[in-house]
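**Q** Right, I'll just put the structure down here and ask away after.
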Amino acid sequence: MRDPDKLALRGEAYADFLSDMNSSAIQTEYEVLHLMRQCTAQFGFSHFMIARLPSGEQQRFAERLVLSSWSSDMVREYDAATVFHASMLIERLRQTKLPIFAETAVLMNAQGDNAVDTIGTLFAGQAMRNAFAVLLHTTQGEAFAVLLCGPRTEPDRAETADLYLTLLQLFETLEHTFEAGAPARDKLSAREIECLRWAAAGKSSDEIAIILGISAYTVSSYFKTATRKLDAVNRMQAIARAMRMKLI
(Lines give C-alpha, C1' and ligand atoms only; values in the text may rest on other atoms or scores of the structure.)
Protein backbone atom coordinates (compact mmCIF):
# COMPACT_ATOMS: atom_id res chain seq x y z
CA MET A 1 0.00 0.00 0.00
CA ARG A 2 1.31 3.45 -0.97
CA ASP A 3 1.95 6.02 1.78
CA PRO A 4 -0.85 8.35 0.56
CA ASP A 5 -3.27 5.41 0.85
CA LYS A 6 -2.11 4.76 4.39
CA LEU A 7 -2.57 8.43 5.26
CA ALA A 8 -6.05 8.42 3.76
CA LEU A 9 -7.08 5.36 5.77
CA ARG A 10 -5.58 6.86 8.90
CA GLY A 11 -7.49 10.08 8.26
CA GLU A 12 -10.79 8.21 7.84
CA ALA A 13 -10.22 6.18 11.01
CA TYR A 14 -9.30 9.33 12.91
CA ALA A 15 -12.44 11.11 11.68
CA ASP A 16 -14.61 8.16 12.77
CA PHE A 17 -12.91 8.14 16.15
CA LEU A 18 -13.52 11.88 16.65
CA SER A 19 -17.17 11.39 15.72
CA ASP A 20 -17.55 8.68 18.40
CA MET A 21 -15.73 10.80 20.96
CA ASN A 22 -18.06 13.77 20.49
CA SER A 23 -21.16 11.72 21.18
CA SER A 24 -23.39 13.34 23.81
CA ALA A 25 -24.38 9.85 24.99
CA ILE A 26 -21.06 9.36 26.81
CA GLN A 27 -21.85 9.59 30.53
CA THR A 28 -19.63 7.14 32.40
CA GLU A 29 -15.93 6.67 33.05
CA TYR A 30 -16.22 3.19 31.56
CA GLU A 31 -17.23 4.71 28.22
CA VAL A 32 -14.31 7.15 28.40
CA LEU A 33 -12.04 4.19 29.23
CA HIS A 34 -13.14 2.55 25.98
CA LEU A 35 -12.43 5.76 24.02
CA MET A 36 -9.01 6.09 25.65
CA ARG A 37 -8.18 2.57 24.49
CA GLN A 38 -9.20 3.55 20.96
CA CYS A 39 -7.14 6.75 21.11
CA THR A 40 -4.11 4.88 22.41
CA ALA A 41 -4.27 2.38 19.55
CA GLN A 42 -5.11 5.04 16.96
CA PHE A 43 -1.84 6.86 17.65
CA GLY A 44 0.33 3.74 17.87
CA PHE A 45 0.66 3.43 21.65
CA SER A 46 -0.22 0.41 23.79
CA HIS A 47 -0.96 1.70 27.33
CA PHE A 48 -2.36 4.81 28.95
CA MET A 49 -3.01 6.28 32.36
CA ILE A 50 -4.68 9.44 33.73
CA ALA A 51 -3.78 10.49 37.27
CA ARG A 52 -4.32 13.52 39.48
CA LEU A 53 -1.08 15.33 40.20
CA PRO A 54 0.11 14.84 43.79
CA SER A 55 -0.32 17.93 45.95
CA GLY A 56 2.28 16.91 48.53
CA GLU A 57 4.87 14.29 49.36
CA GLN A 58 4.36 10.54 49.69
CA GLN A 59 0.92 10.52 48.09
CA ARG A 60 0.21 7.04 46.80
CA PHE A 61 -0.01 6.57 43.05
CA ALA A 62 -3.03 4.24 43.29
CA GLU A 63 -5.00 6.92 45.13
CA ARG A 64 -4.30 9.47 42.38
CA LEU A 65 -5.04 7.12 39.49
CA VAL A 66 -8.30 7.86 37.63
CA LEU A 67 -8.20 5.77 34.44
CA SER A 68 -5.60 3.28 33.26
CA SER A 69 -4.97 0.31 30.99
CA TRP A 70 -2.05 -0.82 33.18
CA SER A 71 -2.36 -4.26 34.73
CA SER A 72 -3.29 -4.39 38.41
CA ASP A 73 0.13 -5.89 39.17
CA MET A 74 1.90 -2.99 37.48
CA VAL A 75 -0.19 -0.44 39.38
CA ARG A 76 0.51 -2.25 42.64
CA GLU A 77 4.26 -2.48 42.03
CA TYR A 78 4.60 1.13 40.93
CA ASP A 79 2.49 2.25 43.88
CA ALA A 80 4.77 0.28 46.24
CA ALA A 81 7.83 2.10 44.83
CA THR A 82 6.40 5.41 46.20
CA VAL A 83 8.18 7.54 43.59
CA PHE A 84 5.23 9.04 41.71
CA HIS A 85 5.20 12.31 43.68
CA ALA A 86 8.95 12.73 43.09
CA SER A 87 9.09 11.39 39.54
CA MET A 88 10.64 13.25 36.62
CA LEU A 89 7.20 13.11 34.98
CA ILE A 90 5.63 15.25 37.70
CA GLU A 91 8.57 17.65 37.85
CA ARG A 92 8.65 18.20 34.08
CA LEU A 93 4.88 18.56 33.72
CA ARG A 94 4.92 21.28 36.37
CA GLN A 95 7.54 23.19 34.38
CA THR A 96 5.92 23.19 30.93
CA LYS A 97 2.58 23.36 29.15
CA LEU A 98 3.99 21.49 26.15
CA PRO A 99 3.75 17.72 25.57
CA ILE A 100 6.69 15.59 26.73
CA PHE A 101 8.16 12.58 24.94
CA ALA A 102 10.78 10.43 26.69
CA GLU A 103 11.61 6.91 27.86
CA THR A 104 8.86 5.71 30.19
CA ALA A 105 11.25 4.29 32.80
CA VAL A 106 13.06 7.62 33.04
CA LEU A 107 9.87 9.66 33.29
CA MET A 108 8.23 7.46 35.91
CA ASN A 109 11.28 7.16 38.17
CA ALA A 110 12.46 9.58 40.83
CA GLN A 111 15.76 11.36 40.35
CA GLY A 112 19.09 11.14 42.13
CA ASP A 113 19.22 9.33 45.46
CA ASN A 114 15.45 8.70 45.35
CA ALA A 115 15.61 6.64 42.15
CA VAL A 116 14.36 3.06 42.49
CA ASP A 117 16.18 0.15 40.80
CA THR A 118 12.99 -1.81 40.11
CA ILE A 119 11.43 0.95 37.98
CA GLY A 120 13.58 0.10 34.95
CA THR A 121 12.47 -3.53 35.12
CA LEU A 122 8.82 -2.57 35.63
CA PHE A 123 8.75 -0.55 32.40
CA ALA A 124 11.12 -2.75 30.42
CA GLY A 125 10.07 -4.10 27.06
CA GLN A 126 8.82 -2.58 23.84
CA ALA A 127 5.21 -2.20 24.97
CA MET A 128 6.11 0.43 27.58
CA ARG A 129 9.36 1.77 26.10
CA ASN A 130 8.47 5.41 25.31
CA ALA A 131 5.89 7.80 26.71
CA PHE A 132 3.97 10.85 25.53
CA ALA A 133 2.74 12.97 28.44
CA VAL A 134 0.66 16.13 28.83
CA LEU A 135 -0.64 18.18 31.74
CA LEU A 136 -4.38 18.96 31.60
CA HIS A 137 -6.62 20.89 33.99
CA THR A 138 -10.29 20.71 34.89
CA THR A 139 -12.37 23.87 34.68
CA GLN A 140 -11.83 24.20 38.44
CA GLY A 141 -8.07 24.12 37.92
CA GLU A 142 -7.26 20.62 39.23
CA ALA A 143 -4.18 19.24 37.45
CA PHE A 144 -3.99 15.79 35.85
CA ALA A 145 -1.18 13.90 34.13
CA VAL A 146 -2.12 12.02 30.95
CA LEU A 147 0.42 9.44 29.78
CA LEU A 148 0.48 7.23 26.68
CA CYS A 149 3.15 4.52 26.48
CA GLY A 150 4.28 2.38 23.58
CA PRO A 151 7.03 1.23 21.25
CA ARG A 152 6.62 4.03 18.72
CA THR A 153 8.95 6.92 17.91
CA GLU A 154 8.32 10.55 18.78
CA PRO A 155 5.36 12.02 16.84
CA ASP A 156 6.04 14.94 14.51
CA ARG A 157 4.55 18.40 15.09
CA ALA A 158 1.37 17.74 13.11
CA GLU A 159 0.65 14.43 14.86
CA THR A 160 1.54 15.95 18.23
CA ALA A 161 -1.05 18.66 17.62
CA ASP A 162 -3.69 16.04 16.67
CA LEU A 163 -2.86 13.92 19.70
CA TYR A 164 -2.89 16.86 22.10
CA LEU A 165 -6.28 18.08 20.84
CA THR A 166 -7.69 14.54 21.01
CA LEU A 167 -6.53 14.09 24.62
CA LEU A 168 -7.93 17.50 25.51
CA GLN A 169 -11.34 16.56 24.10
CA LEU A 170 -11.27 13.18 25.84
CA PHE A 171 -10.33 14.83 29.12
CA GLU A 172 -13.23 17.26 28.81
CA THR A 173 -15.53 14.28 28.25
CA LEU A 174 -14.03 12.62 31.32
CA GLU A 175 -14.64 15.76 33.37
CA HIS A 176 -18.31 15.67 32.40
CA THR A 177 -18.53 12.15 33.87
CA PHE A 178 -17.24 13.56 37.16
CA GLU A 179 -20.29 15.83 37.26
CA ALA A 180 -22.65 13.06 36.11
CA GLY A 181 -21.43 10.87 38.97
CA ALA A 182 -21.97 13.53 41.63
CA PRO A 183 -25.30 12.07 42.89
CA ALA A 184 -23.32 9.02 44.04
CA ARG A 185 -22.06 10.99 47.02
CA ASP A 186 -25.63 11.04 48.35
CA LYS A 187 -26.03 7.29 47.87
CA LEU A 188 -22.99 6.07 49.83
CA SER A 189 -23.67 4.85 53.35
CA ALA A 190 -21.56 5.92 56.33
CA ARG A 191 -20.06 2.42 56.51
CA GLU A 192 -19.11 2.44 52.82
CA ILE A 193 -17.39 5.79 53.27
CA GLU A 194 -15.56 4.50 56.36
CA CYS A 195 -14.28 1.47 54.44
CA LEU A 196 -13.07 3.64 51.57
CA ARG A 197 -11.39 6.06 53.98
CA TRP A 198 -9.50 3.30 55.81
CA ALA A 199 -8.53 1.65 52.50
CA ALA A 200 -7.16 5.01 51.29
CA ALA A 201 -5.06 5.06 54.46
CA GLY A 202 -3.50 1.75 53.40
CA LYS A 203 -5.49 -0.66 55.56
CA SER A 204 -6.36 -4.13 54.30
CA SER A 205 -9.86 -5.60 54.43
CA ASP A 206 -8.92 -7.69 57.46
CA GLU A 207 -7.55 -4.63 59.27
CA ILE A 208 -10.64 -2.58 58.41
CA ALA A 209 -12.83 -5.40 59.73
CA ILE A 210 -11.02 -5.26 63.09
CA ILE A 211 -11.18 -1.46 63.25
CA LEU A 212 -14.91 -1.32 62.49
CA GLY A 213 -15.80 -4.44 64.45
CA ILE A 214 -17.34 -6.26 61.49
CA SER A 215 -16.39 -9.29 59.42
CA ALA A 216 -13.99 -9.16 56.46
CA TYR A 217 -16.84 -10.50 54.32
CA THR A 218 -18.98 -7.50 55.28
CA VAL A 219 -16.10 -5.15 54.46
CA SER A 220 -15.81 -6.72 50.99
CA SER A 221 -19.56 -6.30 50.55
CA TYR A 222 -19.29 -2.59 51.40
CA PHE A 223 -16.48 -2.19 48.87
CA LYS A 224 -18.54 -3.88 46.16
CA THR A 225 -21.58 -1.67 46.71
CA ALA A 226 -19.45 1.49 47.00
CA THR A 227 -17.62 0.62 43.78
CA ARG A 228 -20.93 0.13 41.98
CA LYS A 229 -22.43 3.38 43.34
CA LEU A 230 -19.34 5.32 42.31
CA ASP A 231 -19.46 3.80 38.82
CA ALA A 232 -15.90 2.54 39.29
CA VAL A 233 -14.34 -0.57 37.81
CA ASN A 234 -12.37 -1.64 40.91
CA ARG A 235 -11.58 -0.69 44.50
CA MET A 236 -8.65 1.57 43.61
CA GLN A 237 -10.74 3.59 41.21
CA ALA A 238 -13.55 3.82 43.78
CA ILE A 239 -11.09 5.28 46.30
CA ALA A 240 -9.82 7.75 43.69
CA ARG A 241 -13.35 8.85 42.81
CA ALA A 242 -14.32 9.20 46.48
CA MET A 243 -11.26 11.38 47.05
CA ARG A 244 -12.09 13.49 44.02
CA MET A 245 -15.62 14.00 45.37
CA LYS A 246 -14.09 14.91 48.75
CA LEU A 247 -15.95 12.07 50.46
CA ILE A 248 -12.79 10.84 52.18
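FYI, nothing fancy with the C-alpha coordinates labels: chains A, B, ... in order, residues from 1 per chain, ligands from 1 as they appear.
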Name the residues in contact with region 152-158 of chain A at a cut-off of 9 Å, using only C-alpha atoms, excluding same-chain residues fewer than 2 positions from it; report them as a count of residues only.
**A** 17
**Q** Give me the residues near Glu142 (chain A) as a list in words, where near means some atom within 10 Å (using only C-alpha atoms) and where sequence neighbours in that chain fewer than 4 positions away do not count.
**A**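 Once the adjacent positions are removed, what remains is Arg52, Leu53, Leu136, His137, Thr138 and Arg244 of chain A.
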**Q** Tell me which protein, DNA and RNA residues are within 10 Å of Ile50 (chain A), counting only C-alpha atoms, leaving out same-chain ones fewer than 3 positions away, and put them as a PyMOL selection string.
**A** chain A and resi 36+53+64-69+133-136+144-148+171
